[in-house]
Every structure is written in C-alpha cells, then in structure tokens.
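my_file_8.cif (mmCIF, C-alpha atoms and all ligand atoms)
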```
data_my_file
loop_
_atom_site.label_atom_id
_atom_site.label_comp_id
_atom_site.auth_asym_id
_atom_site.auth_seq_id
_atom_site.Cartn_x
_atom_site.Cartn_y
_atom_site.Cartn_z
CA MET E 151 102.48 150.12 127.78
CA SER E 152 103.34 147.76 124.96
CA LYS E 153 104.65 149.20 121.70
CA LYS E 154 103.05 148.49 118.33
CA ILE E 155 105.36 146.92 115.78
CA LEU E 156 104.09 146.58 112.23
CA ALA E 157 105.59 143.32 110.92
CA ILE E 158 105.96 143.11 107.15
CA SER E 159 107.02 139.91 105.41
CA GLY E 160 108.61 140.41 102.02
CA SER E 161 107.42 136.91 101.10
CA THR E 162 103.82 136.19 100.20
CA ARG E 163 104.47 132.43 100.08
CA GLN E 164 102.21 130.30 102.31
CA GLN E 165 105.04 128.33 103.95
CA SER E 166 107.31 131.38 104.14
CA THR E 167 110.43 131.20 106.28
CA ASN E 168 110.17 134.95 106.77
CA GLN E 169 106.61 134.69 108.04
CA ARG E 170 107.77 131.95 110.43
CA LEU E 171 110.57 134.23 111.55
CA ILE E 172 108.00 136.91 112.36
CA ASP E 173 106.07 134.28 114.37
CA ALA E 174 109.28 133.35 116.22
CA ILE E 175 110.02 137.01 116.96
CA THR E 176 106.46 137.46 118.24
CA ALA E 177 107.11 134.64 120.74
CA ILE E 178 110.53 136.04 121.74
CA ALA E 179 109.20 139.59 122.15
CA GLY E 180 106.65 138.78 124.84
CA SER E 181 104.23 141.42 126.04
CA GLN E 182 106.49 144.50 125.67
CA LEU E 183 106.10 144.51 121.90
CA GLN E 184 102.80 143.93 120.14
CA LEU E 185 103.55 142.64 116.64
CA ILE E 186 100.89 143.46 114.10
CA PRO E 187 101.35 141.34 110.98
CA PHE E 188 100.74 143.19 107.73
CA ALA E 189 99.34 140.67 105.29
CA GLY E 190 98.62 143.06 102.47
CA ILE E 191 101.74 143.72 100.40
CA ASP E 192 100.27 141.68 97.55
CA THR E 193 97.02 143.66 97.63
CA LEU E 194 98.69 147.01 96.99
CA PRO E 195 98.37 148.30 93.42
CA HIS E 196 101.50 148.68 91.31
CA PHE E 197 103.11 151.95 92.23
CA ASN E 198 102.26 154.64 89.70
CA PRO E 199 102.98 158.34 90.40
CA ASP E 200 99.77 159.18 88.52
CA LEU E 201 97.81 157.31 91.22
CA ASP E 202 99.87 158.82 94.03
CA THR E 203 97.33 161.57 94.66
CA GLU E 204 94.67 162.32 97.27
CA PRO E 205 92.66 160.30 97.96
CA ALA E 206 95.14 157.46 97.69
CA PRO E 207 93.92 154.01 96.64
CA ALA E 208 92.22 152.47 99.70
CA ALA E 209 94.80 149.71 100.22
CA VAL E 210 97.59 152.28 100.06
CA ALA E 211 95.84 154.62 102.51
CA ASP E 212 95.39 151.71 104.94
CA PHE E 213 99.05 150.70 104.62
CA ARG E 214 100.26 154.25 105.22
CA GLN E 215 97.98 154.61 108.24
CA LEU E 216 99.28 151.34 109.71
CA ILE E 217 102.87 152.58 109.43
CA ARG E 218 102.03 155.96 110.95
CA SER E 219 100.17 154.42 113.90
CA SER E 220 102.96 151.95 114.67
CA ASP E 221 105.86 152.71 116.99
CA ALA E 222 108.25 150.78 114.76
CA VAL E 223 108.33 148.53 111.71
CA LEU E 224 109.91 145.07 111.41
CA ILE E 225 110.68 143.88 107.88
CA CYS E 226 111.63 140.23 107.29
CA THR E 227 112.32 139.45 103.68
CA PRO E 228 113.83 137.00 101.23
CA GLU E 229 116.05 137.96 98.30
CA TYR E 230 114.79 137.38 94.76
CA ALA E 231 117.10 137.48 91.76
CA MET E 232 119.81 139.40 93.61
CA GLY E 233 117.46 142.08 94.85
CA ALA E 234 114.52 142.92 97.07
CA PRO E 235 111.19 141.19 96.29
CA GLY E 236 109.20 143.38 93.90
CA SER E 237 106.10 143.38 96.11
CA LEU E 238 108.09 144.70 99.09
CA LYS E 239 109.85 147.38 97.02
CA ASN E 240 106.47 148.32 95.56
CA ALA E 241 105.06 148.78 99.07
CA LEU E 242 108.00 150.98 100.08
CA ASP E 243 107.66 153.05 96.90
CA TRP E 244 104.11 153.97 97.98
CA THR E 245 105.50 155.61 101.14
CA VAL E 246 108.00 157.95 99.47
CA SER E 247 105.71 160.93 98.77
CA THR E 248 104.00 160.77 102.16
CA ALA E 249 107.22 160.20 104.15
CA ASP E 250 105.56 157.62 106.38
CA PHE E 251 108.93 156.08 107.26
CA SER E 252 110.60 159.38 108.08
CA GLY E 253 111.96 159.06 111.64
CA LYS E 254 110.31 155.62 112.04
CA PRO E 255 112.41 153.01 113.88
CA VAL E 256 112.89 150.00 111.60
CA VAL E 257 114.44 146.56 112.04
CA LEU E 258 115.44 144.87 108.79
CA ILE E 259 116.05 141.13 108.61
CA THR E 260 116.88 139.51 105.30
CA ALA E 261 116.41 135.74 105.50
CA ALA E 262 117.37 134.10 102.24
CA THR E 263 119.83 131.69 100.69
CA SER E 264 122.44 134.42 100.54
CA GLY E 265 120.53 137.70 100.80
CA GLU E 266 123.45 140.15 100.68
CA LYS E 267 122.23 142.12 97.68
CA ALA E 268 118.64 142.50 98.85
CA HIS E 269 119.82 143.48 102.33
CA ALA E 270 122.16 146.19 101.03
CA SER E 271 119.59 147.44 98.54
CA LEU E 272 116.84 147.66 101.18
CA LEU E 273 119.14 149.47 103.61
CA GLY E 274 119.72 152.02 100.84
CA THR E 275 115.98 152.40 100.23
CA LEU E 276 115.22 152.70 103.95
CA LYS E 277 117.92 155.33 104.32
CA VAL E 278 116.54 157.46 101.50
CA ILE E 279 113.02 157.32 102.99
CA GLU E 280 114.59 158.44 106.30
CA ALA E 281 113.81 155.37 108.37
CA ILE E 282 115.91 154.98 111.51
CA ILE E 283 117.56 151.57 111.40
CA VAL E 284 117.59 150.35 115.00
CA GLY E 285 118.68 146.84 114.05
CA GLU E 286 119.56 144.78 111.02
CA LEU E 287 120.46 141.16 110.42
CA LEU E 288 121.32 139.07 107.42
CA ILE E 289 120.37 135.39 107.83
CA SER E 290 121.93 133.40 105.01
CA PHE E 291 120.87 129.76 104.46
CA ALA E 292 117.72 130.72 106.35
CA GLY E 293 115.83 127.58 105.36
CA ALA E 294 118.22 125.49 107.48
CA LYS E 295 117.98 127.79 110.49
CA ILE E 296 114.23 128.26 110.96
CA SER E 297 112.04 125.19 111.37
CA LYS E 298 108.67 124.60 109.71
CA GLU E 299 107.12 125.01 113.17
CA GLY E 300 108.52 128.52 113.44
CA THR E 301 111.44 127.87 115.77
CA ILE E 302 114.88 129.36 115.22
CA THR E 303 117.00 126.20 115.40
CA ASP E 304 120.43 127.77 114.81
CA PRO E 305 121.81 129.00 118.18
CA PRO E 306 123.86 131.98 116.82
CA THR E 307 120.83 133.12 114.79
CA LEU E 308 118.56 132.80 117.84
CA GLU E 309 121.05 134.84 119.87
CA ALA E 310 121.29 137.53 117.18
CA VAL E 311 117.50 137.77 116.78
CA THR E 312 117.00 137.91 120.58
CA GLN E 313 119.54 140.74 120.74
CA LEU E 314 117.71 142.59 117.94
CA VAL E 315 114.45 142.35 119.88
CA LYS E 316 116.20 143.74 122.99
CA ASP E 317 117.72 146.57 120.93
CA LEU E 318 114.32 147.39 119.47
CA GLU E 319 112.69 147.43 122.93
CA LYS E 320 115.45 149.69 124.24
CA SER E 321 115.15 152.09 121.31
CA LEU E 322 111.44 152.54 122.10
CA GLU E 323 111.80 153.15 125.86
C1 LIG F 1 112.40 133.35 92.15
C2 LIG F 1 113.37 133.22 93.28
C3 LIG F 1 114.59 133.85 93.21
C4 LIG F 1 115.50 133.76 94.25
N1 LIG F 1 116.67 134.43 94.17
C5 LIG F 1 117.51 134.45 95.22
C6 LIG F 1 118.69 135.23 95.19
O1 LIG F 1 119.02 135.90 94.23
N2 LIG F 1 119.48 135.22 96.30
C7 LIG F 1 119.17 134.51 97.42
O2 LIG F 1 119.89 134.59 98.39
N3 LIG F 1 118.05 133.74 97.47
C8 LIG F 1 117.23 133.70 96.39
N4 LIG F 1 116.08 132.94 96.44
C9 LIG F 1 115.84 132.09 97.61
C10 LIG F 1 114.98 132.77 98.67
O3 LIG F 1 115.47 134.03 99.03
C11 LIG F 1 114.97 131.88 99.89
O4 LIG F 1 114.46 130.61 99.56
C12 LIG F 1 114.15 132.49 101.02
O5 LIG F 1 114.44 131.82 102.22
C13 LIG F 1 112.67 132.41 100.73
O6 LIG F 1 111.99 133.10 101.72
P1 LIG F 1 110.52 132.67 102.17
O7 LIG F 1 110.63 131.25 102.67
O8 LIG F 1 110.15 133.62 103.25
O9 LIG F 1 109.62 132.76 100.97
C14 LIG F 1 115.18 133.00 95.39
C15 LIG F 1 113.94 132.35 95.46
C16 LIG F 1 113.05 132.46 94.43
C17 LIG F 1 111.71 131.78 94.53
#
```

Is it possible to express this structure as structure tokens?
Amino acid sequence: MSKKILAISGSTRQQSTNQRLIDAITAIAGSQLQLIPFAGIDTLPHFNPDLDTEPAPAAVADFRQLIRSSDAVLICTPEYAMGAPGSLKNALDWTVSTADFSGKPVVLITAATSGEKAHASLLGTLKVIEAIIVGELLISFAGAKISKEGTITDPPTLEAVTQLVKDLEKSLE
C-alpha cells in the first residue's frame, strides 16, 4: 500500500522552485509514495500561545490532522534573510504543543541561493519537536538546477534527490 507523504513548500511564491521540486519528487517517487501537497502555510494564523487552546483555529486543526494522518512529511524550502521563511517557522510553531511531529519521519530539503543557515536552523527546530530526520539535502544555487518545467537538470542533484526518495521509501517499509 502506498504511503502518504505530506509535502510542505516553505515558499508561497507562484513560480516557486521549491514547489517545482515537490512536483519533480512526485514524479520520481512513483506509486509507492503518495505526495499530498499542503498549500495552506499562508492561511495559518500567526502563532500566538493565547490561541493555542482547544478548539484550535480551524486552519491549524486541519494542518495538525494532515500531519498526524501522514506517514511522513517532506519539507522543501528556500532561505530568507539567513533563516527559515517566517510562514514555515510559523506553521512548525503551531505543532509544538500538540507534538504532531513527534516520531514523524521527515525529509528536509533546503533549495535556495545558499541555504546553509535556514537548513541548520530548521534541523534544530525539527529536532526539538522530535521529528525523525530520514533524509536531508541542501541544494544551493537551486534556481540553476531545477527548470521552470519542474525537472531537476543538475545530475548530482537529481542523483541526491533520487537517493533521498529511496531512503524515505525504505524508512517506511
Ligand atoms: C526576501 C528574500 C530573501 C532571501 N534571502 C536569502 C538568504 O538569506 N540566503 C539564501 O540562500 N537565499 C536567499 N534568498 C533567495 C531564495 O532562497 C532563493 O531564490 C530560493 O530559490 C527561492 O525559493 P522559491 O523559488 O521556492 O521561492 C532570498 C530571497 C528573498 C525573496
């Protein structure tokens, strides 16, 4: 039976490289992994502990439920101003109190111009919310490696992403 992978793009941009990367991974993954794109990080309210009560805001409750019902989570994200995009960090902050990522297999790909800082910062966040990192990849100069049509044009990047998909499949067997 195919496994459900919630795919979160840290970019809300229409022509996002990270969204295209998710599309490319969907094609590479084939039928073993069912990627479910999460299009809602920009619909989540700003995290506020005063609102982090039951019942949670509807968008937050839906997001948490999607994580819980997925076998794993794939995050593809750019770096903004030497850190993680605020909307992605905001989404992760909503999962702290409910521990939705605890024990959840996660693949993190940072696709940016450089991306080192966001990648390290997100690995730290994912660790503290007890996600299990089953794969991680930093794709620097991502704009030159992923085409507008959603093809990974850089052979070493394609190889690394294909290996990540295999590792993810294996971790879910
Ligand atoms: C406001 C802004 C700030 C950025 N800051 C950084 C940065 O600090 N480091 C970096 O590597 N890339 C930075 N970038 C570049 C993006 O990470 C890069 O273009 C990425 O591929 C965009 O992803 P997307 O196409 O999925 O939106 C920045 C882009 C924007 C718009």

Edge lengths and centre, in Å to one decimal, as lines of an AutoDock Vina configuration file: that's what I need for the box along x, y and z that holds all listed atoms of ligand LIG 1 (chain F) plus 3 Å on each side.
```
center_x = 114.8
center_y = 133.3
center_z = 97.7
size_x = 16.3
size_y = 11.3
size_z = 17.1
```

Find the nearest atom pair between each residue of segment 172-239 of chain E and segment 157-164 of chain E for residues within 9 Å, count only C-alpha atoms, give distances in Å to one decimal, sort rows by chain and ascending number, and present the table as a tab-separated table.
```
residue	atom	partner	partner_atom	distance
E:Ile172	CA	E:Ala157	CA	7.0
E:Leu185	CA	E:Ala157	CA	6.1
E:Ile186	CA	E:Ala157	CA	5.7
E:Pro187	CA	E:Ala157	CA	4.7
E:Phe188	CA	E:Ile158	CA	5.3
E:Ala189	CA	E:Ile158	CA	7.3
E:Gly190	CA	E:Ile158	CA	8.7
E:Ile191	CA	E:Gly160	CA	7.8
E:Asp192	CA	E:Thr162	CA	7.1
E:Ala222	CA	E:Ala157	CA	8.8
E:Val223	CA	E:Ala157	CA	5.9
E:Leu224	CA	E:Ala157	CA	4.7
E:Ile225	CA	E:Ile158	CA	4.8
E:Cys226	CA	E:Ser159	CA	5.0
E:Thr227	CA	E:Gly160	CA	4.2
E:Pro228	CA	E:Gly160	CA	6.3
E:Glu229	CA	E:Gly160	CA	8.7
E:Ala234	CA	E:Gly160	CA	8.1
E:Pro235	CA	E:Gly160	CA	6.3
E:Gly236	CA	E:Gly160	CA	8.7
E:Ser237	CA	E:Gly160	CA	7.1
E:Leu238	CA	E:Gly160	CA	5.2
E:Lys239	CA	E:Gly160	CA	8.7
```

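Distance annotation: of E:Ala268, E:Val246, E:Ile175, E:Val311, the residue with the minimal separation from Glu280 of chain E is E:Val246; atom set is all atoms listed in the file.
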
Return as a PyMOL selection string every polymer residue, whether protein, DNA or RNA, with at least one atom no more than 6 Å from an atom of ligand LIG 1 (chain F); count all atoms listed in the file. chain E and resi 161+163+166-168+228-232+261-265+292-293

Give the answer as one residue: which of E:Gly285, E:Pro199, E:Gly233, E:Gly274 has the shortest atom-to-atom distance to Val257 of chain E, using all atoms listed in the file?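 The answer is E:Gly285, which sits nearest to Val257 of chain E.
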
For segment 207-231 of chain E, supply N, CA, C and O atoms and format the output as a PDB file, in the frame of the given file.
```pdb
ATOM      1  N   PRO E 207      94.663 155.270  96.694  1.00  0.00           N
ATOM      2  CA  PRO E 207      93.920 154.010  96.640  1.00  0.00           C
ATOM      3  C   PRO E 207      93.733 153.457  98.061  1.00  0.00           C
ATOM      4  O   PRO E 207      94.635 153.593  98.902  1.00  0.00           O
ATOM      5  N   ALA E 208      92.586 152.855  98.315  1.00  0.00           N
ATOM      6  CA  ALA E 208      92.220 152.470  99.700  1.00  0.00           C
ATOM      7  C   ALA E 208      93.281 151.594 100.359  1.00  0.00           C
ATOM      8  O   ALA E 208      93.636 151.823 101.530  1.00  0.00           O
ATOM      9  N   ALA E 209      93.811 150.617  99.626  1.00  0.00           N
ATOM     10  CA  ALA E 209      94.800 149.710 100.220  1.00  0.00           C
ATOM     11  C   ALA E 209      96.066 150.478 100.608  1.00  0.00           C
ATOM     12  O   ALA E 209      96.699 150.191 101.631  1.00  0.00           O
ATOM     13  N   VAL E 210      96.400 151.469  99.792  1.00  0.00           N
ATOM     14  CA  VAL E 210      97.590 152.280 100.060  1.00  0.00           C
ATOM     15  C   VAL E 210      97.345 153.154 101.300  1.00  0.00           C
ATOM     16  O   VAL E 210      98.207 153.257 102.189  1.00  0.00           O
ATOM     17  N   ALA E 211      96.177 153.766 101.356  1.00  0.00           N
ATOM     18  CA  ALA E 211      95.840 154.620 102.510  1.00  0.00           C
ATOM     19  C   ALA E 211      95.894 153.803 103.803  1.00  0.00           C
ATOM     20  O   ALA E 211      96.421 154.262 104.828  1.00  0.00           O
ATOM     21  N   ASP E 212      95.374 152.574 103.747  1.00  0.00           N
ATOM     22  CA  ASP E 212      95.390 151.710 104.940  1.00  0.00           C
ATOM     23  C   ASP E 212      96.821 151.380 105.348  1.00  0.00           C
ATOM     24  O   ASP E 212      97.169 151.412 106.535  1.00  0.00           O
ATOM     25  N   PHE E 213      97.647 151.053 104.358  1.00  0.00           N
ATOM     26  CA  PHE E 213      99.050 150.700 104.620  1.00  0.00           C
ATOM     27  C   PHE E 213      99.773 151.885 105.261  1.00  0.00           C
ATOM     28  O   PHE E 213     100.457 151.745 106.279  1.00  0.00           O
ATOM     29  N   ARG E 214      99.602 153.052 104.672  1.00  0.00           N
ATOM     30  CA  ARG E 214     100.260 154.250 105.220  1.00  0.00           C
ATOM     31  C   ARG E 214      99.817 154.513 106.654  1.00  0.00           C
ATOM     32  O   ARG E 214     100.630 154.848 107.520  1.00  0.00           O
ATOM     33  N   GLN E 215      98.512 154.356 106.896  1.00  0.00           N
ATOM     34  CA  GLN E 215      97.980 154.610 108.240  1.00  0.00           C
ATOM     35  C   GLN E 215      98.557 153.614 109.253  1.00  0.00           C
ATOM     36  O   GLN E 215      98.894 153.986 110.379  1.00  0.00           O
ATOM     37  N   LEU E 216      98.710 152.359 108.825  1.00  0.00           N
ATOM     38  CA  LEU E 216      99.280 151.340 109.710  1.00  0.00           C
ATOM     39  C   LEU E 216     100.720 151.695 110.092  1.00  0.00           C
ATOM     40  O   LEU E 216     101.133 151.525 111.236  1.00  0.00           O
ATOM     41  N   ILE E 217     101.483 152.188 109.125  1.00  0.00           N
ATOM     42  CA  ILE E 217     102.870 152.580 109.430  1.00  0.00           C
ATOM     43  C   ILE E 217     102.859 153.743 110.420  1.00  0.00           C
ATOM     44  O   ILE E 217     103.555 153.724 111.436  1.00  0.00           O
ATOM     45  N   ARG E 218     102.040 154.752 110.106  1.00  0.00           N
ATOM     46  CA  ARG E 218     102.030 155.960 110.950  1.00  0.00           C
ATOM     47  C   ARG E 218     101.611 155.633 112.380  1.00  0.00           C
ATOM     48  O   ARG E 218     102.117 156.233 113.331  1.00  0.00           O
ATOM     49  N   SER E 219     100.687 154.703 112.541  1.00  0.00           N
ATOM     50  CA  SER E 219     100.170 154.420 113.900  1.00  0.00           C
ATOM     51  C   SER E 219     101.018 153.389 114.645  1.00  0.00           C
ATOM     52  O   SER E 219     100.711 153.042 115.786  1.00  0.00           O
ATOM     53  N   SER E 220     102.086 152.910 113.995  1.00  0.00           N
ATOM     54  CA  SER E 220     102.960 151.950 114.670  1.00  0.00           C
ATOM     55  C   SER E 220     104.163 152.666 115.269  1.00  0.00           C
ATOM     56  O   SER E 220     104.614 153.686 114.736  1.00  0.00           O
ATOM     57  N   ASP E 221     104.674 152.115 116.361  1.00  0.00           N
ATOM     58  CA  ASP E 221     105.860 152.710 116.990  1.00  0.00           C
ATOM     59  C   ASP E 221     107.122 152.356 116.220  1.00  0.00           C
ATOM     60  O   ASP E 221     108.123 153.073 116.294  1.00  0.00           O
ATOM     61  N   ALA E 222     107.085 151.223 115.530  1.00  0.00           N
ATOM     62  CA  ALA E 222     108.250 150.780 114.760  1.00  0.00           C
ATOM     63  C   ALA E 222     107.772 149.778 113.710  1.00  0.00           C
ATOM     64  O   ALA E 222     106.626 149.316 113.758  1.00  0.00           O
ATOM     65  N   VAL E 223     108.662 149.488 112.770  1.00  0.00           N
ATOM     66  CA  VAL E 223     108.330 148.530 111.710  1.00  0.00           C
ATOM     67  C   VAL E 223     109.426 147.465 111.671  1.00  0.00           C
ATOM     68  O   VAL E 223     110.615 147.782 111.747  1.00  0.00           O
ATOM     69  N   LEU E 224     108.989 146.201 111.596  1.00  0.00           N
ATOM     70  CA  LEU E 224     109.910 145.070 111.410  1.00  0.00           C
ATOM     71  C   LEU E 224     109.689 144.542 110.001  1.00  0.00           C
ATOM     72  O   LEU E 224     108.554 144.253 109.619  1.00  0.00           O
ATOM     73  N   ILE E 225     110.778 144.457 109.229  1.00  0.00           N
ATOM     74  CA  ILE E 225     110.680 143.880 107.880  1.00  0.00           C
ATOM     75  C   ILE E 225     111.532 142.616 107.852  1.00  0.00           C
ATOM     76  O   ILE E 225     112.719 142.645 108.191  1.00  0.00           O
ATOM     77  N   CYS E 226     110.910 141.498 107.490  1.00  0.00           N
ATOM     78  CA  CYS E 226     111.630 140.230 107.290  1.00  0.00           C
ATOM     79  C   CYS E 226     111.412 139.833 105.841  1.00  0.00           C
ATOM     80  O   CYS E 226     110.267 139.695 105.395  1.00  0.00           O
ATOM     81  N   THR E 227     112.492 139.641 105.125  1.00  0.00           N
ATOM     82  CA  THR E 227     112.320 139.450 103.680  1.00  0.00           C
ATOM     83  C   THR E 227     113.313 138.480 103.059  1.00  0.00           C
ATOM     84  O   THR E 227     114.459 138.403 103.502  1.00  0.00           O
ATOM     85  N   PRO E 228     112.873 137.774 102.020  1.00  0.00           N
ATOM     86  CA  PRO E 228     113.830 137.000 101.230  1.00  0.00           C
ATOM     87  C   PRO E 228     114.528 137.894 100.208  1.00  0.00           C
ATOM     88  O   PRO E 228     114.236 139.103 100.134  1.00  0.00           O
ATOM     89  N   GLU E 229     115.445 137.302  99.473  1.00  0.00           N
ATOM     90  CA  GLU E 229     116.050 137.960  98.300  1.00  0.00           C
ATOM     91  C   GLU E 229     115.530 137.226  97.074  1.00  0.00           C
ATOM     92  O   GLU E 229     115.454 136.007  97.072  1.00  0.00           O
ATOM     93  N   TYR E 230     115.166 137.971  96.044  1.00  0.00           N
ATOM     94  CA  TYR E 230     114.790 137.380  94.760  1.00  0.00           C
ATOM     95  C   TYR E 230     115.700 137.944  93.680  1.00  0.00           C
ATOM     96  O   TYR E 230     115.807 139.181  93.552  1.00  0.00           O
ATOM     97  N   ALA E 231     116.313 137.060  92.920  1.00  0.00           N
ATOM     98  CA  ALA E 231     117.100 137.480  91.760  1.00  0.00           C
ATOM     99  C   ALA E 231     118.047 138.633  92.098  1.00  0.00           C
ATOM    100  O   ALA E 231     118.075 139.659  91.415  1.00  0.00           O
TER     101      ALA E 231
END
```
